[in-house]
2 protein chains.
Amino acid sequence: MPSDQTRTAILAAAERLYAERGFGDVTLRDIVAEANVNLAAVNYHFGSKDELIAELFVTRSLALNKERLRELREAEEAGAGRADIAAVLRALVGPTLRGCLGPENQRSTPARFMIRVSIESVPAIRRIRNREIDHLRKFIAAMRRSLPDRGDVELYWGLHFALAMAQQTVRDSERLAKLSEGRCDVDDVDDVIARVVGVAVMALTGAKTDGRVPEKLAAR
Amino acid sequence: MPSDQTRTAILAAAERLYAERGFGDVTLRDIVAEANVNLAAVNYHFGSKDELIAELFVTRSLALNKERLRELREAEEAGAGRADIAAVLRALVGPTLRGCLGPENQRSTPARFMIRVSIESVPAIRRIRNREIDHLRKFIAAMRRSLPDRGDVELYWGLHFALAMAQQTVRDSERLAKLSEGRCDVDDVDDVIARVVGVAVMALTGAKTDGRVPEKLAAR
DNA sequence: TTGCATTTCAAACGTTTGTATGAAACTATC
DNA sequence: GATAGTTTCATACAAACGTTTGAAATGCAA
């Protein structure tokens with residue numbers, strides 16, 4: 001069995017650097033310096049730089065999808081098969097928002113890496129991204145169960161807008177903070193989630209809700 | 001007076017290539033080939049690659065802001081100083097959406113270039129982007145006039161979400177098209193604008209509207 | 001220990017990048 | 001049409017990049 005100590009160090013270092021500085025200006029030499037391994041190690045263990053990026057993306061993508069689906073299942077069980085639409089949307093945008101916002105020290109590198117992916121879109125990743133569609137379809141199905149009288153087109157737009165608001169909030173939280181002179185608190189993760197979900201629910205139903213987690217669920 | 005024929009050719013070629021393929025993989029040699037000028041011309045006329053990008057961005061940024069403000073002024077005049085909130089938001093997101101969506105042949109290179117800027121965020125541009133805040137503040141002011149009983153924090157979030165939905169729609173219209181199997185028509189620009197504005201208005205007021213241009217205005 | 005496979009390492013390779021150079025071509029003024 | 005200023009051009013340059021190489025080091029079974 002091959003020792004994968006070096007492999008793991010490279011993956012961790014690469015993810016950290018990509019999350020921080022983006023793909024554009026992180027070189028293999030940066031990565032191996034951060035990981036304290038030899039330059040040739042990347043090509044030895046992964047074949048090429050692109051394959052390293054691809055492996056990182058696939059791993060994190062599967063993990064994010066899994067967490068989203070876990071929360072979705074939880075929501076559907078709580079609603080006896082017909083989840084509250086707000087809960088479905090929380091399962092969709094919650095994992096990303098929780099991982100990327102909040103106090104500096106508790107933001108997760110994986111979540112910030114995934115945001116980089118959504119920002120920069122390098123060729124190595126663009127080729128694999130198709131599986132995302134199938135994943136999102138599961139959420140469309142859940143939304144359909146939750147709002148059976150809405151047309152599919154409305155559901156697509158609702159999901160699209162929910163993801164848009166969530167992603168843009170992580171991507172450009174700085175601009176919002178500057179614009180509002182700090183009065184929009186993007187570190188209050190629960191508030192941000194409630195806002196995004198609230199607006200998305202209104203987009204889908206026309207009714208006003210606050211998008212917050214109901215007491216009975218939030219208590220657990 | 002120096003002839004700026006070469007200058008103009010370079011600017012046009014660079015904008016086209018950047019809009020199409022992004023900053024990441026467009027080299028100076030690509031640009032001069034497209035513009036049919038010598039390699040050294042870029043450094044002669046612009047000083048460096050970064051200064052070329054910066055000039056492009058500043059030009060287009062000013063033009064976009066100008067068009068937005070023109071539509072905003074039009075909306076405020078139509079409302080006698082107190083514009084309909086939907087009209088304010090249309091002035092904000094309309095120019096970008098109209099330039100980037102719709103039939104292939106009528107999409108504008110400048111608009112697609114600006115979207116690239118918002119996607120990739122190269123260092124050369126990140127340094128200049130601060131002026132954007134001041135521009136957005138003018139829209140906040142207009143929104144405040146339009147909805148005087150809303151708190152500023154709500155206005156900030158509303159503007160943020162409106163821009164988020166608009167930008168994500170242009171950035172990833174392909175995913176929405178695939179997800180919906182073509183049933184969300186992102187080429188119907190007026191419909192997209194109405195949806196984005198409609199949701200943003202609901203986010204701001206809690207009331208449902210269709211976000212469409214009122215007949216009396218649409219007729220002009 | 002011996003022998004073999006795996007892993008590390010320093011060094012180099014071939015490209016590609018943005019930029020610099022100096023001569024040639026062009027333009028306009030006198 | 002000679003001169004000075006501007007622009008073009010082929011070419012070169014140094015730096016940075018991902019990748020390759022072959023030898024040294026290491027791990028492990030016999």
# chains A, B, ... in the order shown; residues from 1 in each chain; ligands from 1
$ residues_around --residues "DT19 of chain C" --least-positions-apart "4" --cutoff "12 Å" --atoms "only C-alpha atoms (C1' of nucleotides)" --output "list in words"
Leu28, Leu39, Ala40, Ala41, Val42, Asn43, Tyr44, Gly47, Ser48 and Lys49 of chain B; DA12, DC13, DA14 and DA15 of chain D
$ residues_around --residues "Phe113 of chain B" --least-positions-apart "2" --cutoff "9 Å" --atoms "only C-alpha atoms (C1' of nucleotides)" --output "MDAnalysis selection string"
chainID B and resid 15:20 22 56:57 60 108:111 115:118
$ residues_around --residues "Arg129 of chain A" --least-positions-apart "5" --cutoff "10 Å" --atoms "only C-alpha atoms (C1' of nucleotides)" --output "list in words"
Phe57, Val58, Ser61, Val117, Ser121 and Ala124 of chain A; Arg175 of chain B
$ residues_around --residues "Ala91 of chain A" --least-positions-apart "5" --cutoff "9 Å" --atoms "only C-alpha atoms (C1' of nucleotides)" --output "ChimeraX atom specification"
/A:67-75,86
$ interface_residues --of "chain C" --to "chain A" --cutoff "8 Å" --atoms "only C-alpha atoms (C1' of nucleotides)" --output "ChimeraX atom specification"
/C:6,8-9
$ closest_atom_pairs --of "chain B" --to "chain A" --cutoff "9 Å" --atoms "only C-alpha atoms" --output "JSON lines"
{"residue": "B:Gly24", "atom": "CA", "partner": "A:Gly24", "partner_atom": "CA", "distance": 7.1}
{"residue": "B:Ser118", "atom": "CA", "partner": "A:Ile119", "partner_atom": "CA", "distance": 9.0}
{"residue": "B:Ile119", "atom": "CA", "partner": "A:Ile119", "partner_atom": "CA", "distance": 5.8}
{"residue": "B:Glu120", "atom": "CA", "partner": "A:Glu120", "partner_atom": "CA", "distance": 5.8}
{"residue": "B:Ser121", "atom": "CA", "partner": "A:Glu120", "partner_atom": "CA", "distance": 8.8}
{"residue": "B:Val122", "atom": "CA", "partner": "A:Gly24", "partner_atom": "CA", "distance": 8.7}
{"residue": "B:Asn130", "atom": "CA", "partner": "A:Arg175", "partner_atom": "CA", "distance": 8.9}
{"residue": "B:Ile133", "atom": "CA", "partner": "A:Leu179", "partner_atom": "CA", "distance": 5.8}
{"residue": "B:Asp134", "atom": "CA", "partner": "A:Leu179", "partner_atom": "CA", "distance": 8.1}
{"residue": "B:Leu136", "atom": "CA", "partner": "A:Leu179", "partner_atom": "CA", "distance": 7.6}
{"residue": "B:Arg137", "atom": "CA", "partner": "A:Leu179", "partner_atom": "CA", "distance": 7.1}
{"residue": "B:Asp152", "atom": "CA", "partner": "A:Ser180", "partner_atom": "CA", "distance": 8.1}
{"residue": "B:Val153", "atom": "CA", "partner": "A:Cys184", "partner_atom": "CA", "distance": 6.1}
{"residue": "B:Glu154", "atom": "CA", "partner": "A:Cys184", "partner_atom": "CA", "distance": 8.6}
{"residue": "B:Tyr156", "atom": "CA", "partner": "A:Ser180", "partner_atom": "CA", "distance": 6.3}
{"residue": "B:Trp157", "atom": "CA", "partner": "A:Cys184", "partner_atom": "CA", "distance": 7.4}
{"residue": "B:His160", "atom": "CA", "partner": "A:Leu176", "partner_atom": "CA", "distance": 6.8}
{"residue": "B:Phe161", "atom": "CA", "partner": "A:Met165", "partner_atom": "CA", "distance": 5.6}
{"residue": "B:Ala162", "atom": "CA", "partner": "A:Met165", "partner_atom": "CA", "distance": 8.3}
{"residue": "B:Leu163", "atom": "CA", "partner": "A:Gln168", "partner_atom": "CA", "distance": 8.5}
{"residue": "B:Ala164", "atom": "CA", "partner": "A:Met165", "partner_atom": "CA", "distance": 5.3}
{"residue": "B:Met165", "atom": "CA", "partner": "A:Ala164", "partner_atom": "CA", "distance": 5.3}
{"residue": "B:Ala166", "atom": "CA", "partner": "A:Ala164", "partner_atom": "CA", "distance": 8.4}
{"residue": "B:Gln167", "atom": "CA", "partner": "A:Ala164", "partner_atom": "CA", "distance": 8.0}
{"residue": "B:Gln168", "atom": "CA", "partner": "A:Ala164", "partner_atom": "CA", "distance": 5.4}
{"residue": "B:Thr169", "atom": "CA", "partner": "A:Ala164", "partner_atom": "CA", "distance": 7.7}
{"residue": "B:Arg175", "atom": "CA", "partner": "A:Ile133", "partner_atom": "CA", "distance": 7.4}
{"residue": "B:Leu176", "atom": "CA", "partner": "A:His160", "partner_atom": "CA", "distance": 6.8}
{"residue": "B:Lys178", "atom": "CA", "partner": "A:Ile133", "partner_atom": "CA", "distance": 7.4}
{"residue": "B:Leu179", "atom": "CA", "partner": "A:Ile133", "partner_atom": "CA", "distance": 5.8}
{"residue": "B:Ser180", "atom": "CA", "partner": "A:Tyr156", "partner_atom": "CA", "distance": 6.3}
{"residue": "B:Arg183", "atom": "CA", "partner": "A:Val153", "partner_atom": "CA", "distance": 6.4}
{"residue": "B:Cys184", "atom": "CA", "partner": "A:Val153", "partner_atom": "CA", "distance": 6.1}
{"residue": "B:Arg195", "atom": "CA", "partner": "A:Trp157", "partner_atom": "CA", "distance": 8.5}
{"residue": "B:Val196", "atom": "CA", "partner": "A:Phe161", "partner_atom": "CA", "distance": 8.3}
{"residue": "B:Gly198", "atom": "CA", "partner": "A:Ala203", "partner_atom": "CA", "distance": 8.1}
{"residue": "B:Val199", "atom": "CA", "partner": "A:Ala203", "partner_atom": "CA", "distance": 5.4}
{"residue": "B:Ala200", "atom": "CA", "partner": "A:Val199", "partner_atom": "CA", "distance": 8.0}
{"residue": "B:Met202", "atom": "CA", "partner": "A:Met202", "partner_atom": "CA", "distance": 6.9}
{"residue": "B:Ala203", "atom": "CA", "partner": "A:Val199", "partner_atom": "CA", "distance": 5.4}
{"residue": "B:Gly206", "atom": "CA", "partner": "A:Lys208", "partner_atom": "CA", "distance": 5.6}
{"residue": "B:Ala207", "atom": "CA", "partner": "A:Gly206", "partner_atom": "CA", "distance": 7.6}
{"residue": "B:Lys208", "atom": "CA", "partner": "A:Gly206", "partner_atom": "CA", "distance": 5.6}
{"residue": "B:Thr209", "atom": "CA", "partner": "A:Gly206", "partner_atom": "CA", "distance": 8.6}
$ interface_residues --of "chain D" --to "chain A" --cutoff "10 Å" --atoms "only C-alpha atoms (C1' of nucleotides)" --output "list in words"
DA16, DC17, DG18, DT19, DT20 and DG27 of chain D
$ write_last_selection --atoms "N, CA, C and O atoms (P, O5', C5', C4', C3', O3' and C1' of nucleotides)" --output "compact mmCIF listing (two decimals), in the first residue's frame"
# COMPACT_ATOMS: atom_id res chain seq x y z
P DA D 16 10.27 35.38 -11.97
O5' DA D 16 9.16 34.40 -12.55
C5' DA D 16 8.04 34.96 -13.22
C4' DA D 16 7.23 33.83 -13.80
C3' DA D 16 7.07 32.65 -12.84
O3' DA D 16 5.69 32.32 -12.72
C1' DA D 16 7.86 31.92 -14.96
P DC D 17 5.22 31.28 -11.66
O5' DC D 17 4.74 30.05 -12.55
C5' DC D 17 3.81 30.32 -13.59
C4' DC D 17 3.90 29.26 -14.64
C3' DC D 17 3.91 27.84 -14.12
O3' DC D 17 2.58 27.43 -13.85
C1' DC D 17 5.39 28.12 -15.99
P DG D 18 2.33 26.18 -12.94
O5' DG D 18 2.52 24.98 -13.98
C5' DG D 18 1.62 24.88 -15.07
C4' DG D 18 2.03 23.74 -15.97
C3' DG D 18 1.97 22.36 -15.33
O3' DG D 18 1.50 21.41 -16.28
C1' DG D 18 4.19 22.81 -16.01
P DT D 19 1.36 19.87 -15.87
O5' DT D 19 2.76 19.28 -16.34
C5' DT D 19 3.16 19.45 -17.69
C4' DT D 19 4.55 18.89 -17.92
C3' DT D 19 4.75 17.44 -17.44
O3' DT D 19 4.99 16.61 -18.57
C1' DT D 19 6.59 18.84 -16.86
P DT D 20 5.21 15.05 -18.38
O5' DT D 20 6.79 14.91 -18.39
C5' DT D 20 7.54 15.59 -19.40
C4' DT D 20 9.03 15.31 -19.20
C3' DT D 20 9.38 13.86 -18.84
O3' DT D 20 10.32 13.40 -19.81
C1' DT D 20 10.43 15.39 -17.33
P DG D 27 11.73 5.23 5.44
O5' DG D 27 10.96 4.02 4.76
C5' DG D 27 9.99 4.28 3.77
C4' DG D 27 9.42 2.99 3.22
C3' DG D 27 9.16 1.92 4.28
O3' DG D 27 7.89 1.32 4.02
C1' DG D 27 10.61 1.06 2.59
$ select_by_dssp --residues "segment 61-155 of chain A" --states "alpha helix (DSSP H)" --output "ChimeraX atom specification"
/A:61-78,85-100,109-120,123-126,131-146,152-155
$ atom_distance --atom1 "atom CA of Arg112 of chain A" --atom2 "atom CA of Leu62 of chain A"
15.0 Å
